[in-house]
Amino acid sequence: MAEQAIPAWKKTFEEAGSQILFFGSFLRNIFKSGFEWSEFIRQCYEIGYKSLTLVGLTGFIMGLVLTLQSRPTLADFGAESWLPGMVSLSIVREIGPVITAIICAGRVASSIGAELGSMNVTEQVDAMEVSGANPMQYLVVTRVLATTLMIPILTFISDAVALFGGFLAVNIDGKVSFYLYFTKSIAVLGFSDIFPATIKTVFFGLAIGFIGCYKGINSNKGTESVGLAANSAVVTSSLWIFVIDAIAVQLTNILAYH
């Protein structure tokens, strides 16, 4: 049993070391001259704008369902007036950032892993190195920075749409004005709610872009490895999102709420 476990542990440590070296190479290439602005803007468009419909629809359903599910319980305690504030706190602090990041991990990380894996299989990455181009700067840095920038923006949009979905859900069985609903929703939010949620979305985006690029660039030479790279990118980035979220919640409880 111990002999069978050793190769697994060895592979785990090798993978961790490889990721650390890859991340170090990424950091070094951020500050090198010749940053690919056109590719960075194109990746922002691909990652941000093309994810907008999916993220917005998810946010709307999230706010709608959360409000409909919470209303009967609050009504039993005579606390329906707390509904807008409860929904906004739940969405802004936790549900909005995590669900948006998971949606983007499924769409963006898989896309990056499959794209770079396909380029690696067809030896396009090797061709870039031979021609004197910097594949780390052109392929990796632009994608990781684009995800790091766009995931927080998509989260803000998702939160806003989710609050609008909550407003519609409140008005299904009642009548609350648009001004009153959003006044109550925003009044309960403070700096300690918005700032930590924003910071962790930056790390969510960094994890999604980094894992997608790492899995794609380090895929094996074979057509099957493209699918494996895409699948592994989604699973690993989703896991890291939950790990980062757990750490962020603990730090927020210690530094902000205590």
# chains A, B, ... in the order shown; residues from 1 in each chain; ligands from 1
>>> residues_around(residues="Ser192 in chain A", least_positions_apart="3", cutoff="9 Å", atoms="only C-alpha atoms", output="list of chain:residue names")
A:Leu189, A:Phe195, A:Pro196, A:Ala197, A:Thr252, A:Ala256, A:Tyr257
>>> closest_residue(among="A:Leu168, A:Ala114, A:Ala248, A:Met62", to="Gly212 in chain A", atoms="only C-alpha atoms")
A:Ala114
>>> closest_residue(among="A:Phe210, A:Phe178, A:Trp82, A:Phe60", to="Ser158 in chain A", atoms="only C-alpha atoms")
A:Phe60
>>> residues_around(residues="Pro72 in chain A", least_positions_apart="6", cutoff="12 Å", atoms="only C-alpha atoms", output="CSV table (one decimal) with all heavy atoms, in the first residue's frame")
chain,number,residue,atom,x,y,z
A,66,LEU,N,-33.5,33.3,-4.8
A,66,LEU,CA,-33.1,33.6,-3.5
A,66,LEU,C,-34.2,34.4,-2.7
A,66,LEU,O,-34.6,34.1,-1.6
A,66,LEU,CB,-31.8,34.4,-3.4
A,66,LEU,CG,-31.3,34.7,-2.0
A,66,LEU,CD1,-31.1,33.5,-1.2
A,66,LEU,CD2,-30.1,35.6,-2.0
A,78,GLY,N,-42.6,37.8,10.6
A,78,GLY,CA,-43.0,39.2,10.5
A,78,GLY,C,-41.8,40.1,10.1
A,78,GLY,O,-41.8,41.3,10.5
A,79,ALA,N,-40.9,39.6,9.3
A,79,ALA,CA,-39.7,40.4,9.0
A,79,ALA,C,-39.5,40.5,7.5
A,79,ALA,O,-38.4,40.6,7.0
A,79,ALA,CB,-38.5,39.7,9.6
A,80,GLU,N,-40.6,40.7,6.8
A,80,GLU,CA,-40.5,40.8,5.3
A,80,GLU,C,-39.8,42.1,4.9
A,80,GLU,O,-39.2,42.2,3.8
A,80,GLU,CB,-41.9,40.8,4.7
A,80,GLU,CG,-42.5,39.5,4.5
A,80,GLU,CD,-43.8,39.5,3.7
A,80,GLU,OE1,-44.9,39.7,4.3
A,80,GLU,OE2,-43.7,39.4,2.5
A,83,LEU,N,-36.2,41.8,3.9
A,83,LEU,CA,-35.9,41.0,2.7
A,83,LEU,C,-34.9,41.6,1.7
A,83,LEU,O,-33.9,41.0,1.3
A,83,LEU,CB,-37.2,40.6,2.0
A,83,LEU,CG,-37.1,39.6,0.8
A,83,LEU,CD1,-36.4,38.3,1.2
A,83,LEU,CD2,-38.4,39.4,0.1
A,170,VAL,N,-39.9,40.3,-5.3
A,170,VAL,CA,-40.7,41.0,-4.3
A,170,VAL,C,-42.0,41.5,-4.7
A,170,VAL,O,-43.0,41.4,-4.0
A,170,VAL,CB,-39.8,42.1,-3.7
A,170,VAL,CG1,-40.7,43.0,-2.8
A,170,VAL,CG2,-38.7,41.6,-2.9
A,173,ASP,N,-45.8,39.1,-5.3
A,173,ASP,CA,-46.9,39.0,-4.4
A,173,ASP,C,-47.2,40.3,-3.6
A,173,ASP,O,-47.9,40.3,-2.6
A,173,ASP,CB,-46.7,37.9,-3.4
A,173,ASP,CG,-46.7,36.5,-4.0
A,173,ASP,OD1,-47.4,36.3,-5.0
A,173,ASP,OD2,-45.9,35.6,-3.6
>>> closest_residue(among="A:Ile157, A:Ile103, A:Met150, A:Leu27", to="Phe203 in chain A", atoms="only C-alpha atoms")
A:Met150
>>> atom_distance(atom1="CA of Val226 in chain A", atom2="CA of Lys10 in chain A")
24.0 Å
>>> residues_around(residues="range 147-149 of chain A", least_positions_apart="4", cutoff="8 Å", atoms="only C-alpha atoms", output="list in words")
Cys44, Ile47, Gly48, Arg143, Ile153, Thr201, Val202, Phe203, Phe204, Gly205, Leu206, Ile208 and Gly209 of chain A
>>> atom_distance(atom1="CA of Ser225 in chain A", atom2="CA of Leu116 in chain A")
10.9 Å
>>> closest_residue(among="A:Ile151, A:Lys175, A:Val108, A:Pro135", to="Asn231 in chain A", atoms="only C-alpha atoms")
A:Val108
>>> residues_around(residues="Asn29 in chain A", least_positions_apart="5", cutoff="9 Å", atoms="only C-alpha atoms", output="ChimeraX atom specification")
/A:24,35,134,136-137,141
>>> write_last_selection(atoms="C-alpha atoms", output="compact mmCIF listing (two decimals), in the first residue's frame")
# COMPACT_ATOMS: atom_id res chain seq x y z
CA GLY A 24 7.22 32.70 -11.28
CA PHE A 35 3.48 43.98 -23.58
CA ASN A 134 7.57 35.06 -26.26
CA MET A 136 4.56 33.18 -22.07
CA GLN A 137 4.02 36.91 -22.55
CA VAL A 141 0.24 36.96 -19.35
>>> select_by_dssp(residues="range 35-182 of chain A", states="alpha helix (DSSP H)", output="count of residues only")
107
>>> closest_residue(among="A:Phe156, A:Phe31, A:Phe26, A:Tyr138", to="Arg93 in chain A", atoms="only C-alpha atoms")
A:Phe156
>>> atom_distance(atom1="CA of Ser51 in chain A", atom2="CA of Thr67 in chain A")
24.3 Å
>>> closest_residue(among="A:Ile99, A:Leu21, A:Leu180, A:Ala169", to="Thr155 in chain A", atoms="only C-alpha atoms")
A:Ile99
>>> residues_around(residues="Ala246 in chain A", least_positions_apart="6", cutoff="12 Å", atoms="only C-alpha atoms", output="MDAnalysis selection string")
chainID A and resid 94 98 200 204 239:240 252:253
